[in-house]
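Asker: Input file: data-v4.cif. Contents: mmCIF, C-alpha atoms.
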data_run
#
loop_
_atom_site.group_PDB
_atom_site.id
_atom_site.type_symbol
_atom_site.label_atom_id
_atom_site.label_comp_id
_atom_site.auth_asym_id
_atom_site.auth_seq_id
_atom_site.Cartn_x
_atom_site.Cartn_y
_atom_site.Cartn_z
ATOM 1 C CA MET G 912 47.179 40.170 -24.622
ATOM 2 C CA VAL G 913 44.897 39.477 -21.654
ATOM 3 C CA PHE G 914 41.784 40.543 -23.562
ATOM 4 C CA ALA G 915 42.440 38.267 -26.517
ATOM 5 C CA THR G 916 43.593 35.370 -24.356
ATOM 6 C CA ALA G 917 40.421 35.437 -22.277
ATOM 7 C CA ILE G 918 38.365 35.092 -25.440
ATOM 8 C CA SER G 919 40.426 32.572 -27.377
ATOM 9 C CA SER G 920 40.692 30.257 -24.378
ATOM 10 C CA CYS G 921 36.955 29.673 -24.339
ATOM 11 C CA PRO G 922 34.706 28.362 -27.139
ATOM 12 C CA HIS G 923 32.221 31.071 -26.218
ATOM 13 C CA LEU G 924 33.021 34.772 -26.127
ATOM 14 C CA HIS G 925 34.106 35.723 -22.633
ATOM 15 C CA PHE G 926 34.791 39.047 -20.984
ATOM 16 C CA PRO G 927 35.983 39.553 -17.408
ATOM 17 C CA LYS G 928 33.139 39.507 -14.907
ATOM 18 C CA ARG G 929 32.244 42.680 -13.066
ATOM 19 C CA LEU G 930 34.292 43.193 -9.958
ATOM 20 C CA SER G 931 32.853 42.269 -6.621
ATOM 21 C CA ALA G 932 32.424 44.814 -3.853
ATOM 22 C CA THR G 933 35.882 43.911 -2.515
ATOM 23 C CA GLN G 934 37.591 44.264 -5.909
ATOM 24 C CA LYS G 935 36.616 47.749 -7.028
ATOM 25 C CA LYS G 936 40.134 49.061 -7.568
ATOM 26 C CA ILE G 937 41.499 48.886 -11.101
ATOM 27 C CA ARG G 938 45.085 47.681 -11.159
ATOM 28 C CA CYS G 939 47.319 49.436 -13.664
ATOM 29 C CA CYS G 940 50.206 47.151 -14.595
ATOM 30 C CA SER G 941 51.547 49.718 -17.032
ATOM 31 C CA THR G 942 54.726 50.586 -18.838
ATOM 32 C CA ILE G 943 54.511 53.973 -17.165
ATOM 33 C CA SER G 944 57.138 54.678 -14.517
ATOM 34 C CA SER G 945 57.136 52.187 -11.670
ATOM 35 C CA SER G 946 57.229 55.128 -9.288
ATOM 36 C CA ILE G 947 53.554 55.724 -9.995
ATOM 37 C CA SER G 948 51.006 54.060 -7.731
ATOM 38 C CA THR G 949 49.888 50.696 -9.118
ATOM 39 C CA THR G 950 46.297 51.055 -7.953
ATOM 40 C CA PHE G 951 43.673 53.656 -8.677
ATOM 41 C CA ASP G 952 40.034 53.661 -7.623
ATOM 42 C CA LEU G 953 38.436 54.681 -10.896
ATOM 43 C CA LYS G 954 34.889 54.075 -9.707
ATOM 44 C CA THR G 955 35.198 56.523 -6.813
ATOM 45 C CA TYR G 956 36.894 59.127 -9.004
ATOM 46 C CA TRP G 957 34.324 58.772 -11.786
ATOM 47 C CA SER G 958 31.307 58.613 -9.449
ATOM 48 C CA THR G 959 32.351 61.743 -7.563
ATOM 49 C CA LEU G 960 32.819 63.723 -10.761
ATOM 50 C CA ARG G 961 29.602 62.341 -12.178
ATOM 51 C CA GLU G 962 27.581 63.608 -9.236
ATOM 52 C CA GLU G 963 29.078 67.078 -9.573
ATOM 53 C CA ILE G 964 28.462 67.151 -13.325
ATOM 54 C CA ASN G 965 24.880 65.938 -12.912
ATOM 55 C CA GLN G 966 24.199 68.777 -10.492
ATOM 56 C CA LYS G 967 25.740 71.373 -12.798
ATOM 57 C CA LEU G 968 23.791 70.050 -15.804
ATOM 58 C CA ASP G 969 20.560 70.252 -13.814
ATOM 59 C CA GLU G 970 21.309 73.903 -13.052
ATOM 60 C CA ALA G 971 22.369 74.638 -16.631
ATOM 61 C CA ILE G 972 19.030 73.649 -18.218
ATOM 62 C CA PRO G 973 16.201 75.093 -16.090
ATOM 63 C CA VAL G 974 12.671 74.735 -17.430
ATOM 64 C CA GLN G 975 11.578 77.952 -19.131
ATOM 65 C CA TYR G 976 9.003 78.975 -21.701
ATOM 66 C CA PRO G 977 8.251 77.122 -23.920
ATOM 67 C CA ASN G 978 8.341 74.397 -21.292
ATOM 68 C CA GLN G 979 8.147 71.351 -23.520
ATOM 69 C CA ILE G 980 11.396 71.942 -25.389
ATOM 70 C CA TYR G 981 13.279 72.302 -22.089
ATOM 71 C CA GLU G 982 11.617 69.183 -20.720
ATOM 72 C CA SER G 983 12.725 67.331 -23.848
ATOM 73 C CA MET G 984 16.290 68.634 -23.493
ATOM 74 C CA ARG G 985 16.443 67.717 -19.814
ATOM 75 C CA TYR G 986 14.986 64.261 -20.471
ATOM 76 C CA SER G 987 17.998 63.262 -22.558
ATOM 77 C CA VAL G 988 20.749 65.254 -20.861
ATOM 78 C CA LEU G 989 19.771 64.211 -17.326
ATOM 79 C CA ALA G 990 19.049 60.548 -18.159
ATOM 80 C CA LYS G 991 19.963 58.447 -15.126
ATOM 81 C CA GLY G 992 21.745 55.885 -17.283
ATOM 82 C CA ALA G 993 24.300 58.404 -18.563
ATOM 83 C CA LYS G 994 27.877 57.536 -17.594
ATOM 84 C CA ARG G 995 29.202 61.071 -18.320
ATOM 85 C CA ALA G 996 32.321 59.679 -20.000
ATOM 86 C CA PRO G 997 33.028 62.748 -22.210
ATOM 87 C CA PRO G 998 32.879 65.317 -19.370
ATOM 88 C CA VAL G 999 34.822 63.091 -16.976
ATOM 89 C CA MET G 1000 37.559 62.579 -19.572
ATOM 90 C CA CYS G 1001 37.686 66.346 -20.131
ATOM 91 C CA VAL G 1002 38.147 67.056 -16.422
ATOM 92 C CA ALA G 1003 40.759 64.297 -16.070
ATOM 93 C CA ALA G 1004 42.793 65.658 -19.000
ATOM 94 C CA CYS G 1005 42.614 69.182 -17.598
ATOM 95 C CA GLU G 1006 43.771 68.048 -14.155
ATOM 96 C CA LEU G 1007 46.538 65.929 -15.686
ATOM 97 C CA LEU G 1008 48.174 69.056 -17.105
ATOM 98 C CA GLY G 1009 47.737 71.047 -13.907
ATOM 99 C CA GLY G 1010 44.432 72.752 -14.716
ATOM 100 C CA ASN G 1011 41.786 73.617 -12.148
ATOM 101 C CA ARG G 1012 38.711 71.391 -12.071
ATOM 102 C CA LEU G 1013 36.489 74.462 -11.828
ATOM 103 C CA ALA G 1014 37.912 75.659 -15.140
ATOM 104 C CA ALA G 1015 36.836 72.445 -16.842
ATOM 105 C CA PHE G 1016 33.267 72.051 -15.560
ATOM 106 C CA PRO G 1017 31.529 74.427 -18.032
ATOM 107 C CA THR G 1018 33.181 72.721 -21.011
ATOM 108 C CA ALA G 1019 32.502 69.318 -19.467
ATOM 109 C CA CYS G 1020 28.800 70.181 -19.268
ATOM 110 C CA ALA G 1021 28.857 71.498 -22.828
ATOM 111 C CA LEU G 1022 30.353 68.231 -24.043
ATOM 112 C CA GLU G 1023 27.520 66.316 -22.404
ATOM 113 C CA MET G 1024 24.948 68.634 -24.013
ATOM 114 C CA VAL G 1025 26.521 68.121 -27.428
ATOM 115 C CA HIS G 1026 26.793 64.383 -26.842
ATOM 116 C CA ALA G 1027 23.129 64.155 -25.809
ATOM 117 C CA ALA G 1028 22.079 66.196 -28.845
ATOM 118 C CA SER G 1029 23.930 63.846 -31.179
ATOM 119 C CA LEU G 1030 22.281 60.822 -29.541
ATOM 120 C CA ILE G 1031 18.804 62.371 -29.845
ATOM 121 C CA HIS G 1032 19.323 62.880 -33.578
ATOM 122 C CA ASP G 1033 21.034 59.497 -34.124
ATOM 123 C CA ASP G 1034 18.023 57.716 -32.575
ATOM 124 C CA LEU G 1035 15.496 59.263 -34.972
ATOM 125 C CA PRO G 1036 13.643 56.902 -37.333
ATOM 126 C CA CYS G 1037 15.305 58.572 -40.323
ATOM 127 C CA MET G 1038 18.747 57.875 -38.810
ATOM 128 C CA ASP G 1039 19.546 54.789 -36.686
ATOM 129 C CA ASP G 1040 15.912 54.295 -35.615
ATOM 130 C CA ASP G 1041 16.636 53.282 -32.008
ATOM 131 C CA PRO G 1042 13.620 52.999 -29.679
ATOM 132 C CA SER G 1043 15.635 53.311 -26.454
ATOM 133 C CA ARG G 1044 18.696 55.085 -25.117
ATOM 134 C CA ARG G 1045 20.437 54.926 -21.745
ATOM 135 C CA GLY G 1046 17.856 52.569 -20.322
ATOM 136 C CA GLN G 1047 14.811 54.651 -21.226
ATOM 137 C CA PRO G 1048 12.690 55.321 -24.338
ATOM 138 C CA SER G 1049 14.392 57.505 -26.940
ATOM 139 C CA ASN G 1050 13.561 61.201 -26.917
ATOM 140 C CA HIS G 1051 11.403 61.064 -30.060
ATOM 141 C CA THR G 1052 9.432 58.133 -28.617
ATOM 142 C CA VAL G 1053 8.373 60.289 -25.661
ATOM 143 C CA PHE G 1054 8.195 63.790 -27.113
ATOM 144 C CA GLY G 1055 7.684 63.173 -30.828
ATOM 145 C CA MET G 1056 10.081 63.602 -33.739
ATOM 146 C CA ASP G 1057 9.478 67.329 -34.110
ATOM 147 C CA MET G 1058 10.324 68.095 -30.491
ATOM 148 C CA ALA G 1059 13.313 65.716 -30.504
ATOM 149 C CA ILE G 1060 14.809 67.533 -33.494
ATOM 150 C CA LEU G 1061 14.266 70.893 -31.820
ATOM 151 C CA ALA G 1062 15.732 69.689 -28.523
ATOM 152 C CA GLY G 1063 18.872 68.517 -30.276
ATOM 153 C CA ASP G 1064 19.081 71.755 -32.251
ATOM 154 C CA ALA G 1065 18.809 73.757 -29.024
ATOM 155 C CA LEU G 1066 21.404 71.749 -27.091
ATOM 156 C CA PHE G 1067 24.239 72.339 -29.559
ATOM 157 C CA PRO G 1068 24.321 76.160 -29.228
ATOM 158 C CA LEU G 1069 23.479 75.998 -25.522
ATOM 159 C CA GLY G 1070 26.707 74.090 -25.010
ATOM 160 C CA PHE G 1071 28.780 76.789 -26.690
ATOM 161 C CA ARG G 1072 26.998 79.536 -24.772
ATOM 162 C CA HIS G 1073 27.548 77.701 -21.493
ATOM 163 C CA ILE G 1074 31.317 77.590 -22.071
ATOM 164 C CA VAL G 1075 31.525 81.309 -22.767
ATOM 165 C CA SER G 1076 29.218 82.430 -19.966
ATOM 166 C CA HIS G 1077 30.371 80.113 -17.151
ATOM 167 C CA THR G 1078 34.110 79.506 -17.549
ATOM 168 C CA PRO G 1079 36.002 81.588 -14.958
ATOM 169 C CA THR G 1080 37.966 84.209 -16.897
ATOM 170 C CA ASN G 1081 40.663 84.266 -14.226
ATOM 171 C CA LEU G 1082 41.375 80.581 -14.857
ATOM 172 C CA VAL G 1083 41.142 80.297 -18.655
ATOM 173 C CA PRO G 1084 42.175 83.043 -21.125
ATOM 174 C CA GLN G 1085 39.687 83.852 -23.879
ATOM 175 C CA THR G 1086 42.095 82.661 -26.565
ATOM 176 C CA GLN G 1087 42.080 79.179 -25.013
ATOM 177 C CA LEU G 1088 38.276 79.206 -24.887
ATOM 178 C CA LEU G 1089 38.191 79.994 -28.608
ATOM 179 C CA HIS G 1090 40.335 76.923 -29.255
ATOM 180 C CA VAL G 1091 37.970 74.818 -27.129
ATOM 181 C CA ILE G 1092 34.884 76.020 -28.997
ATOM 182 C CA THR G 1093 36.611 75.473 -32.333
ATOM 183 C CA GLU G 1094 37.533 71.929 -31.303
ATOM 184 C CA ILE G 1095 33.951 71.028 -30.365
ATOM 185 C CA ALA G 1096 32.565 72.587 -33.556
ATOM 186 C CA ARG G 1097 35.045 70.578 -35.618
ATOM 187 C CA ALA G 1098 34.178 67.337 -33.838
ATOM 188 C CA VAL G 1099 30.420 67.563 -34.378
ATOM 189 C CA GLY G 1100 30.428 69.136 -37.846
ATOM 190 C CA SER G 1101 30.583 68.015 -41.449
ATOM 191 C CA THR G 1102 34.129 66.682 -41.101
ATOM 192 C CA GLY G 1103 33.396 64.972 -37.790
ATOM 193 C CA MET G 1104 30.389 63.200 -36.289
ATOM 194 C CA ALA G 1105 27.976 64.363 -38.995
ATOM 195 C CA ALA G 1106 30.238 62.842 -41.644
ATOM 196 C CA GLY G 1107 30.318 59.563 -39.751
ATOM 197 C CA GLN G 1108 26.538 59.444 -39.484
ATOM 198 C CA PHE G 1109 26.131 60.170 -43.194
ATOM 199 C CA VAL G 1110 28.504 57.391 -44.249
ATOM 200 C CA ASP G 1111 26.831 55.052 -41.738
ATOM 201 C CA LEU G 1112 23.551 55.670 -43.566
ATOM 202 C CA GLU G 1113 24.778 55.799 -47.152
ATOM 203 C CA GLY G 1114 28.234 54.198 -47.358
ATOM 204 C CA PRO G 1115 29.244 50.576 -48.067
ATOM 205 C CA PRO G 1116 30.211 48.169 -45.268
ATOM 206 C CA ASN G 1117 33.947 48.578 -45.940
ATOM 207 C CA THR G 1118 33.749 52.135 -44.581
ATOM 208 C CA VAL G 1119 33.487 50.831 -41.011
ATOM 209 C CA GLU G 1120 36.853 52.320 -39.994
ATOM 210 C CA PHE G 1121 35.804 55.791 -41.130
ATOM 211 C CA ILE G 1122 32.417 55.487 -39.427
ATOM 212 C CA HIS G 1123 33.892 54.434 -36.081
ATOM 213 C CA GLU G 1124 36.551 57.108 -36.260
ATOM 214 C CA LYS G 1125 33.980 59.846 -36.873
ATOM 215 C CA LYS G 1126 30.941 58.676 -34.902
ATOM 216 C CA TYR G 1127 32.779 57.434 -31.830
ATOM 217 C CA GLY G 1128 36.423 58.487 -31.993
ATOM 218 C CA GLU G 1129 35.629 62.177 -32.427
ATOM 219 C CA MET G 1130 33.809 62.481 -29.110
ATOM 220 C CA GLY G 1131 36.639 60.863 -27.182
ATOM 221 C CA GLU G 1132 39.231 62.923 -29.016
ATOM 222 C CA CYS G 1133 37.349 66.162 -28.474
ATOM 223 C CA SER G 1134 36.831 65.475 -24.770
ATOM 224 C CA ALA G 1135 40.499 64.805 -24.055
ATOM 225 C CA VAL G 1136 41.737 67.677 -26.218
ATOM 226 C CA CYS G 1137 39.361 70.208 -24.659
ATOM 227 C CA GLY G 1138 40.654 69.305 -21.203
ATOM 228 C CA GLY G 1139 44.211 69.777 -22.380
ATOM 229 C CA LEU G 1140 43.423 73.110 -24.034
ATOM 230 C CA LEU G 1141 41.750 74.434 -20.887
ATOM 231 C CA ALA G 1142 44.904 73.615 -18.929
ATOM 232 C CA GLY G 1143 47.162 75.298 -21.479
ATOM 233 C CA GLY G 1144 48.851 72.131 -22.752
ATOM 234 C CA ASP G 1145 51.603 72.442 -25.336
ATOM 235 C CA ASP G 1146 51.280 71.188 -28.920
ATOM 236 C CA ASP G 1147 52.856 67.798 -28.232
ATOM 237 C CA GLU G 1148 50.593 67.191 -25.226
ATOM 238 C CA ILE G 1149 47.483 68.173 -27.172
ATOM 239 C CA GLN G 1150 48.371 65.818 -30.015
ATOM 240 C CA ARG G 1151 48.987 62.968 -27.585
ATOM 241 C CA LEU G 1152 45.600 63.614 -25.968
ATOM 242 C CA ARG G 1153 44.032 63.733 -29.431
ATOM 243 C CA ARG G 1154 45.354 60.316 -30.401
ATOM 244 C CA TYR G 1155 44.578 58.896 -26.951
ATOM 245 C CA GLY G 1156 40.992 60.125 -26.889
ATOM 246 C CA ARG G 1157 40.280 58.909 -30.405
ATOM 247 C CA ALA G 1158 41.609 55.429 -29.620
ATOM 248 C CA VAL G 1159 39.520 55.170 -26.425
ATOM 249 C CA GLY G 1160 36.357 56.378 -28.177
ATOM 250 C CA ILE G 1161 36.650 53.770 -30.909
ATOM 251 C CA LEU G 1162 37.736 51.083 -28.433
ATOM 252 C CA TYR G 1163 34.609 51.557 -26.348
ATOM 253 C CA GLN G 1164 32.336 51.041 -29.358
ATOM 254 C CA VAL G 1165 34.231 48.029 -30.707
ATOM 255 C CA VAL G 1166 33.935 46.334 -27.313
ATOM 256 C CA ASP G 1167 30.221 47.233 -27.211
ATOM 257 C CA ASP G 1168 29.767 45.450 -30.551
ATOM 258 C CA VAL G 1169 31.620 42.360 -29.320
ATOM 259 C CA LEU G 1170 29.616 42.251 -26.092
ATOM 260 C CA GLU G 1171 26.374 42.582 -28.029
ATOM 261 C CA ALA G 1172 27.394 39.679 -30.250
ATOM 262 C CA LYS G 1173 28.044 37.610 -27.126
ATOM 263 C CA VAL G 1174 24.669 38.415 -25.567
ATOM 264 C CA LYS G 1175 22.686 37.785 -28.744
ATOM 265 C CA GLY G 1176 24.681 34.727 -29.755
ATOM 266 C CA GLU G 1177 25.138 36.122 -33.235
ATOM 267 C CA GLU G 1178 27.336 38.600 -35.024
ATOM 268 C CA LYS G 1179 25.907 42.099 -35.235
ATOM 269 C CA THR G 1180 24.535 43.201 -38.583
ATOM 270 C CA GLY G 1181 25.259 46.619 -40.050
ATOM 271 C CA LYS G 1182 28.465 48.625 -40.177
ATOM 272 C CA SER G 1183 30.494 47.404 -37.211
ATOM 273 C CA TYR G 1184 33.836 45.616 -36.894
ATOM 274 C CA VAL G 1185 31.990 42.486 -35.777
ATOM 275 C CA ALA G 1186 29.599 42.567 -38.741
ATOM 276 C CA VAL G 1187 32.312 43.252 -41.300
ATOM 277 C CA TYR G 1188 35.296 41.310 -39.936
ATOM 278 C CA GLY G 1189 33.873 38.954 -37.323
ATOM 279 C CA VAL G 1190 34.370 38.679 -33.563
ATOM 280 C CA ASP G 1191 37.970 37.476 -33.670
ATOM 281 C CA ARG G 1192 39.181 40.428 -35.728
ATOM 282 C CA ALA G 1193 37.134 42.844 -33.616
ATOM 283 C CA VAL G 1194 38.906 41.493 -30.525
ATOM 284 C CA GLU G 1195 42.269 42.067 -32.216
ATOM 285 C CA VAL G 1196 41.272 45.631 -33.089
ATOM 286 C CA ALA G 1197 40.283 46.241 -29.461
ATOM 287 C CA GLU G 1198 43.695 45.044 -28.258
ATOM 288 C CA GLU G 1199 45.450 47.271 -30.789
ATOM 289 C CA LEU G 1200 43.415 50.289 -29.699
ATOM 290 C CA ARG G 1201 44.065 49.608 -26.012
ATOM 291 C CA ALA G 1202 47.811 49.400 -26.667
ATOM 292 C CA GLU G 1203 47.727 52.567 -28.777
ATOM 293 C CA ALA G 1204 45.913 54.576 -26.094
ATOM 294 C CA LYS G 1205 48.326 53.455 -23.359
ATOM 295 C CA ARG G 1206 51.304 54.204 -25.577
ATOM 296 C CA GLU G 1207 50.211 57.833 -25.918
ATOM 297 C CA LEU G 1208 50.031 58.178 -22.134
ATOM 298 C CA GLU G 1209 53.686 57.280 -21.753
ATOM 299 C CA GLY G 1210 54.456 60.854 -22.795
ATOM 300 C CA PHE G 1211 52.828 62.125 -19.582
ATOM 301 C CA GLU G 1212 55.084 60.186 -17.214
ATOM 302 C CA LYS G 1213 56.398 63.417 -15.686
ATOM 303 C CA TYR G 1214 52.940 64.143 -14.241
ATOM 304 C CA GLY G 1215 53.034 61.077 -11.998
ATOM 305 C CA ASP G 1216 49.757 59.826 -10.527
ATOM 306 C CA LYS G 1217 47.735 62.461 -12.372
ATOM 307 C CA VAL G 1218 47.830 60.227 -15.455
ATOM 308 C CA LEU G 1219 46.081 57.332 -13.698
ATOM 309 C CA PRO G 1220 42.473 58.410 -14.393
ATOM 310 C CA LEU G 1221 43.141 58.497 -18.147
ATOM 311 C CA TYR G 1222 45.097 55.262 -17.937
ATOM 312 C CA SER G 1223 42.286 53.491 -16.085
ATOM 313 C CA PHE G 1224 39.673 54.632 -18.624
ATOM 314 C CA VAL G 1225 41.451 52.485 -21.211
ATOM 315 C CA ASP G 1226 41.101 49.262 -19.239
ATOM 316 C CA TYR G 1227 37.542 50.138 -18.230
ATOM 317 C CA ALA G 1228 36.620 50.482 -21.912
ATOM 318 C CA VAL G 1229 37.479 46.805 -22.289
ATOM 319 C CA ASP G 1230 36.744 45.265 -18.898
ATOM 320 C CA ARG G 1231 33.635 47.258 -17.825
ATOM 321 C CA GLY G 1232 34.598 46.454 -14.247
ATOM 322 C CA PHE G 1233 31.696 48.317 -12.607
ATOM 323 C CA SER G 1234 28.398 50.053 -13.255
ATOM 324 C CA PHE G 1235 26.766 53.059 -11.658
ATOM 325 C CA ALA G 1236 23.871 52.878 -9.189
ATOM 326 C CA ASP G 1237 22.476 56.315 -9.928
ATOM 327 C CA LYS G 1238 20.792 58.001 -6.959
ATOM 328 C CA VAL G 1239 20.607 61.483 -8.495
#
What's the structure tokens form of this structure?
Answerer:
Amino acid sequence: MVFATAISSCPHLHFPKRLSATQKKIRCCSTISSSISTTFDLKTYWSTLREEINQKLDEAIPVQYPNQIYESMRYSVLAKGAKRAPPVMCVAACELLGGNRLAAFPTACALEMVHAASLIHDDLPCMDDDPSRRGQPSNHTVFGMDMAILAGDALFPLGFRHIVSHTPTNLVPQTQLLHVITEIARAVGSTGMAAGQFVDLEGPPNTVEFIHEKKYGEMGECSAVCGGLLAGGDDDEIQRLRRYGRAVGILYQVVDDVLEAKVKGEEKTGKSYVAVYGVDRAVEVAEELRAEAKRELEGFEKYGDKVLPLYSFVDYAVDRGFSFADKV
């Protein structure tokens, strides 16, 4: 219980400091087979993939007529502060099960388009009313509410079209692509992220578990599952990736809420674990989610070191051991 111990041992909320330049490697002291390497350089892995994904996203959304809607789409999708967690998780899950990275890139880009679209709409004054996103003004602040709505509306179908038109047919059968598209549609629809946003707006505070599961867990779940589907994973592997991705997605948001409470010196208002249950319980939830995610990965022991990227994402969700200096 390193996470909980670090907090309870100090009268003020404490999280591990960011690693210095000589401590960039994440150490995985896991229950996974001891034959697997105990170190993995997550920052290098993530940064390399991020650069490739940024380039492919830039190519996927060229400015066309009418220019302004494309400029609005590109503004949010290509934001320099974007970590690209959903596409990177998709690629990592695909490679874990023996899939080709090239097979995963179109879906990875589509996931980022869908993610950006959801953020554009969530930031609107009629929704969460956030003035900034990823270190820059929100889309509607720059382009207006009408254009922000249209940009989000355009990004959702563009993502689906990008999967169909750019996935190499010699690497992924069409039946697997149909499963991928179905998975993304489920995640963002009325039983997924849209449901979470609705309950966030209209539901009582005690619906926080449902809100986190739908608003944040769905994106992580969808990203991991899509990678597994592209690689042709079996039913047990897909279900493990589903539970893993959901736990990591929720974990990331719970830790965000705790960190925000630390910075502001007060507990966050609204529908969050910190607001509803307090910091101590939120920390316990984070530990439970971290353990749950790692437990699911034990089923991939036979893949050896290929599991390390997914394993390291779990600890990063808590520790936030590095940030990205974007030069794109």
Asker: Using the chain letters and numbers from the file, which residues does the PyMOL selection byres ((chain G and resi 1036-1047) around 10) grab, as number ranges by chain?
Answerer: G: 986-987, 990-994, 1030-1035, 1048-1053, 1056, 1108-1109, 1111-1112
Asker: For Thr1093 in chain G, which of G:Cys1137, G:Asp1216, G:Ala1004, G:Met1130 is the closest residue, counting all atoms listed in the file?
Answerer: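 Looking only at the distances to Thr1093 in chain G, the closest residue turns out to be G:Cys1137.
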Asker: Under the PyMOL selection byres ((chain G and resi 1222-1229) around 8), which residues of this model are included? Write them out as a PyMOL selection string.
Answerer: chain G and resi 914+937+939+951+953+1159+1162-1163+1166+1197+1201+1204-1205+1208+1218-1221+1230-1232
Asker: With a distance cut-off of 10 Å and only C-alpha atoms, select the neighbouring residues of Ala1028 in chain G, excluding the residue or stretch itself and same-chain residues fewer than 5 positions from it, and output the selection as number ranges by chain.
Answerer: G: 984, 987-988, 1022-1023, 1033, 1059-1067, 1070
Asker: Restricting the calculation to all atoms listed in the file, which member of G:Ala1096, G:Pro1084, G:Gly1107, G:Ala1186 is positioned closest to Pro1068 in chain G?
Answerer: G:Ala1096
Asker: Using the chain letters and numbering of this document, enumerate as an NGL selection string the residues selected by the PyMOL selection byres ((chain G and resi 1169) around 8).
Answerer: :G and (1165-1168 or 1170-1173 or 1185 or 1190 or 1193-1194)
Asker: Which of these residues is nearest to Thr1018 in chain G, using all atoms listed in the file: G:Leu1141, G:Leu960, G:Val1099, G:Ile980?
Answerer: G:Leu1141
Asker: What does the structure give for the distance between CA of Lys1217 in chain G and CA of Val1091 in chain G, in Å to one decimal?
Answerer: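 Distance reported for this atom pair: 21.6 Å.
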Asker: Taking into account only C-alpha atoms, which residue in the set G:Gly1138, G:Gly1128, G:Gly1189, G:Gly1055 is nearest to Phe1016 in chain G?
Answerer: G:Gly1138
Asker: Have a look at G:His1077, G:Arg985, G:His1090, G:His1026 and name the one nearest to Ile1149 in chain G; count all atoms listed in the file.
Answerer: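 Result for the nearest residue to Ile1149 in chain G: G:His1090.
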Asker: Just the number, please: distance in Å from CA of Tyr1214 in chain G to CA of Cys1005 in chain G, one decimal.
Answerer: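 These two atoms are separated by 12.0 Å.
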Asker: Can you pull out the residues contacting Ala971 in chain G? Cut-off 10 Å, using all atoms listed in the file, and skip same-chain residues under 4 positions away; I want them as JSON, numbers by chain.
Answerer: {"G": [965, 966, 967, 985, 1017, 1020, 1021, 1024, 1069, 1070, 1073, 1077]}
Asker: Which value, in Å to one decimal, gives the distance between CA of Glu1199 in chain G and CA of Leu1007 in chain G?
Answerer: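 Rounded to one decimal, the two atoms are 24.0 Å apart.
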Asker: Taking all atoms listed in the file into account, name the residue in G:Gln1164, G:Ile1095, G:Leu989, G:Ala996 that is nearest to Pro973 in chain G.
Answerer: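 Smallest separation from Pro973 in chain G among the options: G:Leu989.
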